[in-house]
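Structure below is protein24.tsv: TSV, C-alpha atoms.
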chain	number	residue	atom	x	y	z
R	979	GLY	CA	21.13	0.04	-3.94
R	980	ALA	CA	19.20	-2.99	-2.77
R	981	GLY	CA	15.51	-2.50	-2.18
R	982	VAL	CA	13.08	-4.56	-0.12
R	983	SER	CA	13.19	-8.21	-1.11
R	984	GLN	CA	10.64	-10.91	-0.44
R	985	SER	CA	10.68	-14.66	-0.82
R	986	PRO	CA	9.24	-16.78	-2.17
R	987	ARG	CA	7.79	-14.68	-4.99
R	988	TYR	CA	5.08	-17.30	-5.59
R	989	LYS	CA	3.68	-19.93	-3.28
R	990	VAL	CA	1.01	-22.52	-3.93
R	991	ALA	CA	-0.30	-24.23	-0.82
R	992	LYS	CA	-2.91	-26.85	-0.19
R	993	ARG	CA	-5.67	-25.85	2.18
R	994	GLY	CA	-4.57	-26.59	5.72
R	995	GLN	CA	-0.85	-26.21	5.04
R	996	ASP	CA	1.33	-23.79	6.97
R	997	VAL	CA	3.32	-21.20	5.01
R	998	ALA	CA	6.13	-18.79	5.90
R	999	LEU	CA	6.81	-15.62	3.94
R	1000	ARG	CA	10.07	-13.75	4.31
R	1001	CYS	CA	10.85	-10.06	4.04
R	1002	ASP	CA	14.32	-8.48	3.87
R	1003	PRO	CA	13.90	-4.73	4.43
R	1004	ILE	CA	16.25	-2.04	3.22
R	1005	SER	CA	19.34	-2.07	5.42
R	1006	GLY	CA	19.02	0.33	8.34
R	1007	HIS	CA	15.26	0.75	8.06
R	1008	VAL	CA	13.69	0.75	11.49
R	1009	SER	CA	10.05	0.32	10.52
R	1010	LEU	CA	8.60	-2.70	8.74
R	1011	PHE	CA	5.04	-3.25	7.62
R	1012	TRP	CA	3.08	-6.18	6.21
R	1013	TYR	CA	0.08	-5.65	3.94
R	1014	GLN	CA	-2.32	-8.03	2.21
R	1015	GLN	CA	-3.63	-7.21	-1.27
R	1016	ALA	CA	-6.56	-9.15	-2.63
R	1017	LEU	CA	-7.27	-9.13	-6.36
R	1018	GLY	CA	-8.73	-5.82	-7.50
R	1019	GLN	CA	-8.28	-4.18	-4.10
R	1020	GLY	CA	-5.77	-1.87	-2.49
R	1021	PRO	CA	-3.31	-3.24	0.04
R	1022	GLU	CA	-4.65	-3.66	3.57
R	1023	PHE	CA	-2.51	-3.27	6.67
R	1024	LEU	CA	-1.67	-6.38	8.65
R	1025	THR	CA	1.04	-5.53	11.16
R	1026	TYR	CA	3.89	-3.11	11.99
R	1027	PHE	CA	7.29	-3.46	13.63
R	1028	GLN	CA	9.63	-0.85	14.95
R	1029	ASN	CA	12.94	-2.68	15.19
R	1030	GLU	CA	12.05	-6.02	16.82
R	1031	ALA	CA	8.96	-4.71	18.62
R	1032	GLN	CA	5.60	-5.49	17.07
R	1033	LEU	CA	3.74	-2.27	17.84
R	1034	ASP	CA	0.53	-2.88	15.92
R	1035	LYS	CA	-1.01	-6.18	14.86
R	1036	SER	CA	-4.56	-4.94	14.59
R	1037	GLY	CA	-4.83	-5.90	10.91
R	1038	LEU	CA	-4.04	-9.59	11.30
R	1039	PRO	CA	-7.29	-11.28	10.20
R	1040	SER	CA	-7.15	-14.23	12.60
R	1041	ASP	CA	-4.96	-16.01	15.10
R	1042	ARG	CA	-3.71	-18.16	12.23
R	1043	PHE	CA	-1.55	-15.21	11.19
R	1044	PHE	CA	1.66	-14.56	13.08
R	1045	ALA	CA	4.57	-12.23	12.32
R	1046	GLU	CA	7.96	-11.82	13.88
R	1047	ARG	CA	11.13	-9.78	13.46
R	1048	PRO	CA	13.39	-11.21	16.15
R	1049	GLU	CA	16.59	-9.28	15.38
R	1050	GLY	CA	15.03	-6.12	14.05
R	1051	SER	CA	15.86	-6.77	10.41
R	1052	VAL	CA	14.40	-9.76	8.53
R	1053	SER	CA	10.73	-10.46	9.19
R	1054	THR	CA	8.64	-13.57	8.67
R	1055	LEU	CA	4.88	-13.72	8.24
R	1056	LYS	CA	3.52	-17.15	9.06
R	1057	ILE	CA	0.06	-18.37	8.15
R	1058	GLN	CA	-1.09	-21.56	9.80
R	1059	ARG	CA	-3.74	-23.91	8.40
R	1060	THR	CA	-4.15	-21.84	5.24
R	1061	GLN	CA	-7.64	-21.26	3.86
R	1062	GLN	CA	-8.71	-20.31	0.34
R	1063	GLU	CA	-9.57	-16.79	1.49
R	1064	ASP	CA	-5.89	-16.31	2.40
R	1065	SER	CA	-5.05	-16.25	-1.33
R	1066	ALA	CA	-3.62	-12.79	-1.99
R	1067	VAL	CA	-0.39	-10.89	-2.56
R	1068	TYR	CA	1.47	-10.26	0.68
R	1069	LEU	CA	3.49	-7.05	0.52
R	1070	CYS	CA	6.24	-6.00	2.86
R	1071	ALA	CA	7.32	-2.37	3.18
R	1072	SER	CA	10.06	-0.67	5.16
R	1073	SER	CA	10.86	2.89	6.11
R	1074	LEU	CA	13.69	4.66	7.87
R	1075	GLY	CA	11.65	5.37	10.98
R	1076	PHE	CA	8.55	7.05	12.33
R	1077	SER	CA	8.57	10.83	12.41
R	1078	GLY	CA	5.38	11.31	14.36
R	1079	GLY	CA	2.02	12.72	13.32
R	1080	ILE	CA	3.15	15.81	11.48
R	1081	GLN	CA	1.85	16.13	7.97
R	1082	GLY	CA	4.64	15.96	5.50
R	1083	SER	CA	7.06	14.17	7.78
R	1084	GLN	CA	5.63	10.72	7.21
R	1085	GLU	CA	8.51	8.47	6.27
R	1086	THR	CA	8.21	7.04	2.79
R	1087	GLN	CA	7.43	3.34	2.77
R	1088	TYR	CA	9.27	1.30	0.15
R	1089	PHE	CA	7.52	-1.85	-0.93
R	1090	GLY	CA	8.95	-5.21	-1.87
R	1091	PRO	CA	7.72	-7.10	-4.94
R	1092	GLY	CA	5.33	-9.18	-2.85
R	1093	THR	CA	4.66	-12.88	-2.40
R	1094	ARG	CA	1.73	-14.15	-4.42
R	1095	LEU	CA	0.02	-16.87	-2.35
R	1096	LEU	CA	-2.52	-19.23	-3.89
R	1097	VAL	CA	-4.31	-21.65	-1.59
R	1098	LEU	CA	-6.00	-24.54	-3.35
C	1139	ARG	CA	-18.35	2.42	4.33
C	1140	LYS	CA	-14.77	2.12	3.11
C	1141	GLU	CA	-12.24	4.40	4.78
C	1142	VAL	CA	-10.83	5.60	1.45
C	1143	GLU	CA	-13.07	5.59	-1.61
C	1144	GLN	CA	-12.08	5.93	-5.24
C	1145	ASP	CA	-13.82	5.51	-8.57
C	1146	PRO	CA	-12.35	2.21	-9.86
C	1147	GLY	CA	-12.56	3.31	-13.52
C	1148	PRO	CA	-11.15	2.31	-15.88
C	1149	PHE	CA	-10.44	5.70	-17.35
C	1150	ASN	CA	-9.59	5.23	-21.02
C	1151	VAL	CA	-7.97	8.36	-22.44
C	1152	PRO	CA	-5.96	9.24	-25.57
C	1153	GLU	CA	-2.34	10.32	-25.36
C	1154	GLY	CA	-2.06	13.99	-24.54
C	1155	ALA	CA	-5.34	14.16	-22.64
C	1156	THR	CA	-5.79	15.62	-19.18
C	1157	VAL	CA	-7.36	13.29	-16.65
C	1158	ALA	CA	-8.41	13.81	-13.04
C	1159	PHE	CA	-8.95	11.31	-10.25
C	1160	ASN	CA	-10.79	11.95	-7.03
C	1161	CYS	CA	-10.75	10.26	-3.67
C	1162	THR	CA	-12.65	10.76	-0.41
C	1163	TYR	CA	-11.63	9.63	3.06
C	1164	SER	CA	-13.81	9.08	6.10
C	1165	ASN	CA	-11.47	9.67	9.02
C	1166	SER	CA	-11.31	13.40	9.75
C	1167	ALA	CA	-8.24	12.79	11.90
C	1168	SER	CA	-6.22	11.58	8.91
C	1169	GLN	CA	-2.75	13.05	9.03
C	1170	SER	CA	-0.91	12.47	5.78
C	1171	PHE	CA	-2.04	11.95	2.22
C	1172	PHE	CA	-0.41	10.36	-0.80
C	1173	TRP	CA	-0.91	9.07	-4.29
C	1174	TYR	CA	0.81	5.77	-5.09
C	1175	ARG	CA	1.11	4.20	-8.50
C	1176	GLN	CA	0.90	0.46	-9.04
C	1177	ASP	CA	1.74	-1.22	-12.34
C	1178	CYS	CA	0.20	-4.58	-13.18
C	1179	ARG	CA	1.63	-7.34	-10.95
C	1180	LYS	CA	4.12	-4.91	-9.38
C	1181	GLU	CA	4.43	-3.29	-5.98
C	1182	PRO	CA	2.99	0.17	-5.18
C	1183	LYS	CA	5.39	3.07	-5.56
C	1184	LEU	CA	5.01	6.55	-4.12
C	1185	LEU	CA	3.98	9.02	-6.80
C	1186	MET	CA	3.63	12.11	-4.63
C	1187	SER	CA	2.61	13.40	-1.24
C	1188	VAL	CA	-0.42	15.68	-1.03
C	1189	TYR	CA	-0.47	18.91	0.96
C	1190	SER	CA	-3.24	21.34	1.83
C	1191	SER	CA	-1.58	24.02	-0.23
C	1192	GLY	CA	-1.56	21.74	-3.26
C	1193	ASN	CA	1.56	20.55	-4.97
C	1194	GLU	CA	2.82	19.93	-8.45
C	1195	ASP	CA	5.44	17.59	-9.85
C	1196	GLY	CA	5.87	17.99	-13.58
C	1197	ARG	CA	2.67	16.88	-15.27
C	1198	PHE	CA	1.11	15.80	-11.97
C	1199	THR	CA	-0.83	18.07	-9.60
C	1200	ALA	CA	-2.32	16.94	-6.30
C	1201	GLN	CA	-4.84	18.81	-4.16
C	1202	LEU	CA	-6.21	18.22	-0.66
C	1203	ASN	CA	-9.44	19.65	0.72
C	1204	ARG	CA	-9.54	18.84	4.44
C	1205	ALA	CA	-12.98	20.39	4.96
C	1206	SER	CA	-14.52	18.11	2.35
C	1207	GLN	CA	-12.14	15.21	3.09
C	1208	TYR	CA	-11.30	15.05	-0.58
C	1209	ILE	CA	-8.07	14.45	-2.49
C	1210	SER	CA	-7.49	14.84	-6.20
C	1211	LEU	CA	-4.81	14.01	-8.76
C	1212	LEU	CA	-4.58	15.73	-12.12
C	1213	ILE	CA	-2.40	14.33	-14.90
C	1214	ARG	CA	-1.73	16.61	-17.87
C	1215	ASP	CA	-0.46	15.55	-21.29
C	1216	SER	CA	-0.99	11.84	-20.57
C	1217	LYS	CA	1.66	9.41	-21.79
C	1218	LEU	CA	1.28	5.74	-22.63
C	1219	SER	CA	3.60	5.06	-19.69
C	1220	ASP	CA	1.09	6.64	-17.30
C	1221	SER	CA	-1.14	3.58	-17.70
C	1222	ALA	CA	-1.36	2.05	-14.23
C	1223	THR	CA	-3.56	1.86	-11.14
C	1224	TYR	CA	-3.47	4.98	-8.99
C	1225	LEU	CA	-3.96	4.39	-5.27
C	1226	CYS	CA	-5.17	7.08	-2.92
C	1227	VAL	CA	-3.56	6.65	0.50
C	1228	VAL	CA	-4.00	8.27	3.91
C	1229	THR	CA	-2.44	7.75	7.32
C	1230	TRP	CA	-4.31	8.16	10.60
C	1231	GLU	CA	-3.43	10.26	13.57
C	1232	TYR	CA	-2.10	7.61	15.90
C	1233	GLY	CA	-0.01	5.44	13.68
C	1234	ASN	CA	1.78	5.43	10.42
C	1235	LYS	CA	0.19	2.48	8.68
C	1236	LEU	CA	-1.01	3.34	5.19
C	1237	VAL	CA	-4.75	3.10	4.47
C	1238	PHE	CA	-5.32	2.50	0.76
C	1239	GLY	CA	-8.23	3.03	-1.53
C	1240	ALA	CA	-9.05	0.26	-3.99
C	1241	GLY	CA	-7.37	2.18	-6.81
C	1242	THR	CA	-8.36	3.84	-10.07
C	1243	ILE	CA	-7.28	2.21	-13.33
C	1244	LEU	CA	-5.93	4.50	-16.02
C	1245	ARG	CA	-5.38	3.32	-19.60
C	1246	VAL	CA	-3.73	5.75	-21.98
C	1247	LYS	CA	-4.07	4.80	-25.62
C	1248	SER	CA	-2.30	6.01	-28.75
Can you give me the file's structure in the form of C-alpha cells?
Amino acid sequence: GAGVSQSPRYKVAKRGQDVALRCDPISGHVSLFWYQQALGQGPEFLTYFQNEAQLDKSGLPSDRFFAERPEGSVSTLKIQRTQQEDSAVYLCASSLGFSGGIQGSQETQYFGPGTRLLVL
Amino acid sequence: RKEVEQDPGPFNVPEGATVAFNCTYSNSASQSFFWYRQDCRKEPKLLMSVYSSGNEDGRFTAQLNRASQYISLLIRDSKLSDSATYLCVVTWEYGNKLVFGAGTILRVKS
C-alpha cells in the first residue's frame, strides 16, 4: 500500500526565499508529525497535528516556520526567508492515532522519504 | 545535556559478530522506548519497541532499565545488511512526539 509521500524530494533555495514542503500521510492516519534532521544528527521534532488541529508546535525554531493541515490530510510546512541554518532533511511521519501515555500502546510513526533542503 | 545520548561510533564489526549499543535518556517521565534503523539517505524505520521486561526479535534483543534510564540493543550474528545508523528513541509523558538520539553507526564487514 502507499506509504507517506513528500514533495519535493530535493529543494535548493537562495537565502531569503520562501519554500513550501508537502506531506501526504498514509490514508486514514489521524496524527501527522514534522521533524528536522541536520547532517549527522537524529531527527528533531517540529510540530504535530491531530486531524486539522495543530496540537504542538513547540519545536518550530522560529516564527519563520509555519505548518498547516487544513483538511486533516495533506500538510504543508512553510519556511519564510530561508537561512543557511535551515538546510536539513525535513521528515514527515504519520500514525493512526494517539493511544495515550501507556507504554506499549504508542502508535507506530511511519516516515516519508524526506525533503532535502539546501539553502545557499 | 542532550535528552537522549548515544555513542556515535562507528562500530566496525566482522560478519557474524555480536554487537551491543547503549543509550541513556534524561527525562525520568519518559513513557515509551524504541530503536529505529536509518539507512544512508533514507527515512528512519521502526526496528523494535523496548519494554521493561526485555524483548527479542530474531537476532535482535532490546532491554530497558528504568532505574538507570538506560536502553540497550544487542545484535547477534551480524549481517552485512545490518549496516546502518541505529537511533534510540523515547517519548515523553505528555505527548507522543519522538525524541531521538543522534544515532550509532554500525558497519558490518565481510
Using only C-alpha atoms, the residue out of C:Tyr1163, C:Arg1197, C:Cys1178, C:Lys1235 with shortest distance to C:Ile1209 is C:Tyr1163
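Compared by their closest atoms to R:Leu1055, and using all atoms listed in the file, the residues R:Ser983, R:Gln995, R:Thr1025, R:Ser1040 rank with R:Thr1025 nearest.
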**Residue list for chain R near chain C as JSON, numbers by chain, 12 Å, all atoms listed in the file** = {"R": [981, 982, 983, 984, 987, 988, 1009, 1010, 1011, 1012, 1013, 1014, 1015, 1016, 1017, 1018, 1019, 1020, 1021, 1022, 1023, 1024, 1025, 1026, 1027, 1028, 1033, 1034, 1035, 1036, 1037, 1066, 1067, 1068, 1069, 1070, 1071, 1072, 1073, 1075, 1076, 1077, 1078, 1079, 1080, 1081, 1082, 1083, 1084, 1085, 1086, 1087, 1088, 1089, 1090, 1091, 1092, 1093, 1094]}
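Note that the spacing between atom CA of C:Ser1210 and atom CA of C:Lys1247 amounts to 22.1 Å.
Shortest atom-to-atom contact with C:Ser1219 among C:Leu1244, C:Val1157, C:Leu1185, C:Ala1200: C:Leu1244, counting only C-alpha atoms.
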If the box runs along x, y and z of the file and leaves 6 Å on each side of stretch 1219-1227 of chain C, what are its centre and edge lengths in Å, one decimal, as lines of an AutoDock Vina configuration file?
center_x = -0.8
center_y = 4.5
center_z = -9.6
size_x = 20.8
size_y = 17.2
size_z = 32.2
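For the atom pair formed by atom CA of R:Val990 and atom CA of R:Val1097, the distance is 5.9 Å, given to one decimal.
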In terms of all atoms listed in the file, the residue from R:Arg1042, R:Asp1064, R:Pro986, R:Asn1029 at minimal distance from R:Leu999 is R:Pro986
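When atom CA of C:Cys1161 is paired with atom CA of C:Asn1193, their separation reads 16.1 Å.
With distances taken from (-4.2, -24.0, 5.3) and restricted to all atoms listed in the file, the residues inside 9 Å are R:Ala991, R:Lys992, R:Arg993, R:Gly994, R:Gln995, R:Asp996, R:Val997, R:Ile1057, R:Gln1058, R:Arg1059, R:Thr1060, R:Gln1061, R:Gln1062, R:Asp1064, R:Val1097, R:Leu1098.
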Take the selection from the previous step and output its residues with C-alpha atoms, as an mmCIF file, keeping the file's coordinate frame.
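Below is the file out36.cif, written as the result:
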data_model
loop_
_atom_site.group_PDB
_atom_site.id
_atom_site.type_symbol
_atom_site.label_atom_id
_atom_site.label_comp_id
_atom_site.auth_asym_id
_atom_site.auth_seq_id
_atom_site.Cartn_x
_atom_site.Cartn_y
_atom_site.Cartn_z
ATOM 1 C CA ALA R 991 -0.300 -24.230 -0.820
ATOM 2 C CA LYS R 992 -2.910 -26.850 -0.190
ATOM 3 C CA ARG R 993 -5.670 -25.850 2.180
ATOM 4 C CA GLY R 994 -4.570 -26.590 5.720
ATOM 5 C CA GLN R 995 -0.850 -26.210 5.040
ATOM 6 C CA ASP R 996 1.330 -23.790 6.970
ATOM 7 C CA VAL R 997 3.320 -21.200 5.010
ATOM 8 C CA ILE R 1057 0.060 -18.370 8.150
ATOM 9 C CA GLN R 1058 -1.090 -21.560 9.800
ATOM 10 C CA ARG R 1059 -3.740 -23.910 8.400
ATOM 11 C CA THR R 1060 -4.150 -21.840 5.240
ATOM 12 C CA GLN R 1061 -7.640 -21.260 3.860
ATOM 13 C CA GLN R 1062 -8.710 -20.310 0.340
ATOM 14 C CA ASP R 1064 -5.890 -16.310 2.400
ATOM 15 C CA VAL R 1097 -4.310 -21.650 -1.590
ATOM 16 C CA LEU R 1098 -6.000 -24.540 -3.350
#
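For the set C:Asn1150, C:Thr1156, C:Thr1162, C:Gln1144, the residue with the smallest atom-to-atom gap to C:Ile1213 is C:Thr1156, counting all atoms listed in the file.
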Between R:Cys1001, R:Val1008, R:Leu1095, R:Ala1031, smallest distance to R:Val1052 by only C-alpha atoms belongs to R:Cys1001
Emit a file covering chain C of the preceding structure with C-alpha atoms, as an mmCIF file, in the first residue's frame.
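Wrote out_13.cif, looks like this:
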data_model
loop_
_atom_site.group_PDB
_atom_site.id
_atom_site.type_symbol
_atom_site.label_atom_id
_atom_site.label_comp_id
_atom_site.auth_asym_id
_atom_site.auth_seq_id
_atom_site.Cartn_x
_atom_site.Cartn_y
_atom_site.Cartn_z
ATOM 1 C CA ARG C 1139 22.824 17.847 28.159
ATOM 2 C CA LYS C 1140 21.078 16.027 25.328
ATOM 3 C CA GLU C 1141 17.811 14.319 26.196
ATOM 4 C CA VAL C 1142 18.866 11.034 24.569
ATOM 5 C CA GLU C 1143 22.550 10.188 24.358
ATOM 6 C CA GLN C 1144 24.234 7.532 22.258
ATOM 7 C CA ASP C 1145 27.789 6.640 21.361
ATOM 8 C CA PRO C 1146 28.042 7.798 17.711
ATOM 9 C CA GLY C 1147 30.503 5.026 16.786
ATOM 10 C CA PRO C 1148 31.206 3.907 14.165
ATOM 11 C CA PHE C 1149 31.215 0.316 15.297
ATOM 12 C CA ASN C 1150 33.138 -1.712 12.720
ATOM 13 C CA VAL C 1151 32.490 -5.430 13.174
ATOM 14 C CA PRO C 1152 33.016 -8.580 11.086
ATOM 15 C CA GLU C 1153 30.092 -10.633 9.831
ATOM 16 C CA GLY C 1154 28.844 -12.997 12.500
ATOM 17 C CA ALA C 1155 29.926 -10.818 15.408
ATOM 18 C CA THR C 1156 27.723 -9.791 18.308
ATOM 19 C CA VAL C 1157 27.485 -6.061 18.896
ATOM 20 C CA ALA C 1158 25.741 -4.025 21.590
ATOM 21 C CA PHE C 1159 24.600 -0.418 21.594
ATOM 22 C CA ASN C 1160 23.679 1.604 24.631
ATOM 23 C CA CYS C 1161 21.619 4.715 25.125
ATOM 24 C CA THR C 1162 20.737 6.883 28.121
ATOM 25 C CA TYR C 1163 17.819 9.266 28.477
ATOM 26 C CA SER C 1164 17.435 12.199 30.833
ATOM 27 C CA ASN C 1165 13.680 12.506 31.299
ATOM 28 C CA SER C 1166 12.571 10.102 34.025
ATOM 29 C CA ALA C 1167 8.974 10.588 32.911
ATOM 30 C CA SER C 1168 9.684 9.046 29.510
ATOM 31 C CA GLN C 1169 6.883 6.710 28.550
ATOM 32 C CA SER C 1170 7.806 4.619 25.540
ATOM 33 C CA PHE C 1171 11.092 3.446 24.112
ATOM 34 C CA PHE C 1172 12.160 2.320 20.667
ATOM 35 C CA TRP C 1173 15.043 1.504 18.409
ATOM 36 C CA TYR C 1174 14.779 2.846 14.855
ATOM 37 C CA ARG C 1175 17.065 1.983 11.989
ATOM 38 C CA GLN C 1176 18.087 4.519 9.367
ATOM 39 C CA ASP C 1177 19.928 3.593 6.183
ATOM 40 C CA CYS C 1178 22.067 6.189 4.425
ATOM 41 C CA ARG C 1179 19.897 8.927 2.871
ATOM 42 C CA LYS C 1180 16.703 7.074 3.814
ATOM 43 C CA GLU C 1181 13.972 7.654 6.353
ATOM 44 C CA PRO C 1182 14.016 6.097 9.856
ATOM 45 C CA LYS C 1183 12.131 2.832 10.218
ATOM 46 C CA LEU C 1184 10.966 1.215 13.436
ATOM 47 C CA LEU C 1185 13.184 -1.720 14.360
ATOM 48 C CA MET C 1186 11.563 -2.644 17.658
ATOM 49 C CA SER C 1187 9.845 -1.316 20.739
ATOM 50 C CA VAL C 1188 11.603 -1.733 24.077
ATOM 51 C CA TYR C 1189 9.858 -2.988 27.206
ATOM 52 C CA SER C 1190 10.958 -3.235 30.828
ATOM 53 C CA SER C 1191 10.775 -6.998 30.645
ATOM 54 C CA GLY C 1192 13.113 -7.012 27.658
ATOM 55 C CA ASN C 1193 12.150 -8.276 24.261
ATOM 56 C CA GLU C 1194 13.660 -10.243 21.445
ATOM 57 C CA ASP C 1195 13.012 -10.295 17.717
ATOM 58 C CA GLY C 1196 15.154 -12.829 15.922
ATOM 59 C CA ARG C 1197 18.772 -11.742 16.206
ATOM 60 C CA PHE C 1198 17.829 -8.513 17.981
ATOM 61 C CA THR C 1199 17.346 -8.124 21.737
ATOM 62 C CA ALA C 1200 16.359 -4.884 23.449
ATOM 63 C CA GLN C 1201 16.492 -4.111 27.163
ATOM 64 C CA LEU C 1202 15.216 -1.208 29.253
ATOM 65 C CA ASN C 1203 16.439 -0.264 32.715
ATOM 66 C CA ARG C 1204 14.122 2.451 34.035
ATOM 67 C CA ALA C 1205 16.060 2.904 37.290
ATOM 68 C CA SER C 1206 19.249 3.713 35.395
ATOM 69 C CA GLN C 1207 17.412 5.366 32.471
ATOM 70 C CA TYR C 1208 19.294 3.114 30.109
ATOM 71 C CA ILE C 1209 18.310 1.269 26.934
ATOM 72 C CA SER C 1210 20.328 -1.321 25.061
ATOM 73 C CA LEU C 1211 20.216 -3.150 21.740
ATOM 74 C CA LEU C 1212 22.079 -6.390 21.115
ATOM 75 C CA ILE C 1213 22.560 -7.735 17.593
ATOM 76 C CA ARG C 1214 23.754 -11.325 17.278
ATOM 77 C CA ASP C 1215 25.286 -12.933 14.189
ATOM 78 C CA SER C 1216 25.685 -9.594 12.392
ATOM 79 C CA LYS C 1217 24.908 -9.495 8.678
ATOM 80 C CA LEU C 1218 26.239 -7.109 6.057
ATOM 81 C CA SER C 1219 22.670 -5.848 5.698
ATOM 82 C CA ASP C 1220 22.672 -4.721 9.348
ATOM 83 C CA SER C 1221 24.975 -1.843 8.398
ATOM 84 C CA ALA C 1222 23.009 1.308 9.203
ATOM 85 C CA THR C 1223 22.552 4.007 11.831
ATOM 86 C CA TYR C 1224 20.623 2.868 14.888
ATOM 87 C CA LEU C 1225 18.552 5.571 16.576
ATOM 88 C CA CYS C 1226 17.488 5.358 20.199
ATOM 89 C CA VAL C 1227 14.076 6.975 20.649
ATOM 90 C CA VAL C 1228 11.879 7.851 23.629
ATOM 91 C CA THR C 1229 8.526 9.550 24.041
ATOM 92 C CA TRP C 1230 7.618 11.783 26.974
ATOM 93 C CA GLU C 1231 4.693 11.561 29.296
ATOM 94 C CA TYR C 1232 2.519 14.310 27.920
ATOM 95 C CA GLY C 1233 2.788 13.883 24.210
ATOM 96 C CA ASN C 1234 3.685 11.385 21.598
ATOM 97 C CA LYS C 1235 6.406 13.194 19.712
ATOM 98 C CA LEU C 1236 9.513 11.064 19.276
ATOM 99 C CA VAL C 1237 12.751 12.261 20.898
ATOM 100 C CA PHE C 1238 15.737 10.846 19.033
ATOM 101 C CA GLY C 1239 19.329 10.287 19.939
ATOM 102 C CA ALA C 1240 21.957 11.268 17.380
ATOM 103 C CA GLY C 1241 22.369 7.636 16.323
ATOM 104 C CA THR C 1242 25.057 4.964 16.410
ATOM 105 C CA ILE C 1243 26.688 3.944 13.130
ATOM 106 C CA LEU C 1244 27.203 0.235 12.563
ATOM 107 C CA ARG C 1245 29.370 -1.107 9.735
ATOM 108 C CA VAL C 1246 29.445 -4.857 9.244
ATOM 109 C CA LYS C 1247 32.274 -6.052 7.042
ATOM 110 C CA SER C 1248 32.928 -9.367 5.315
#
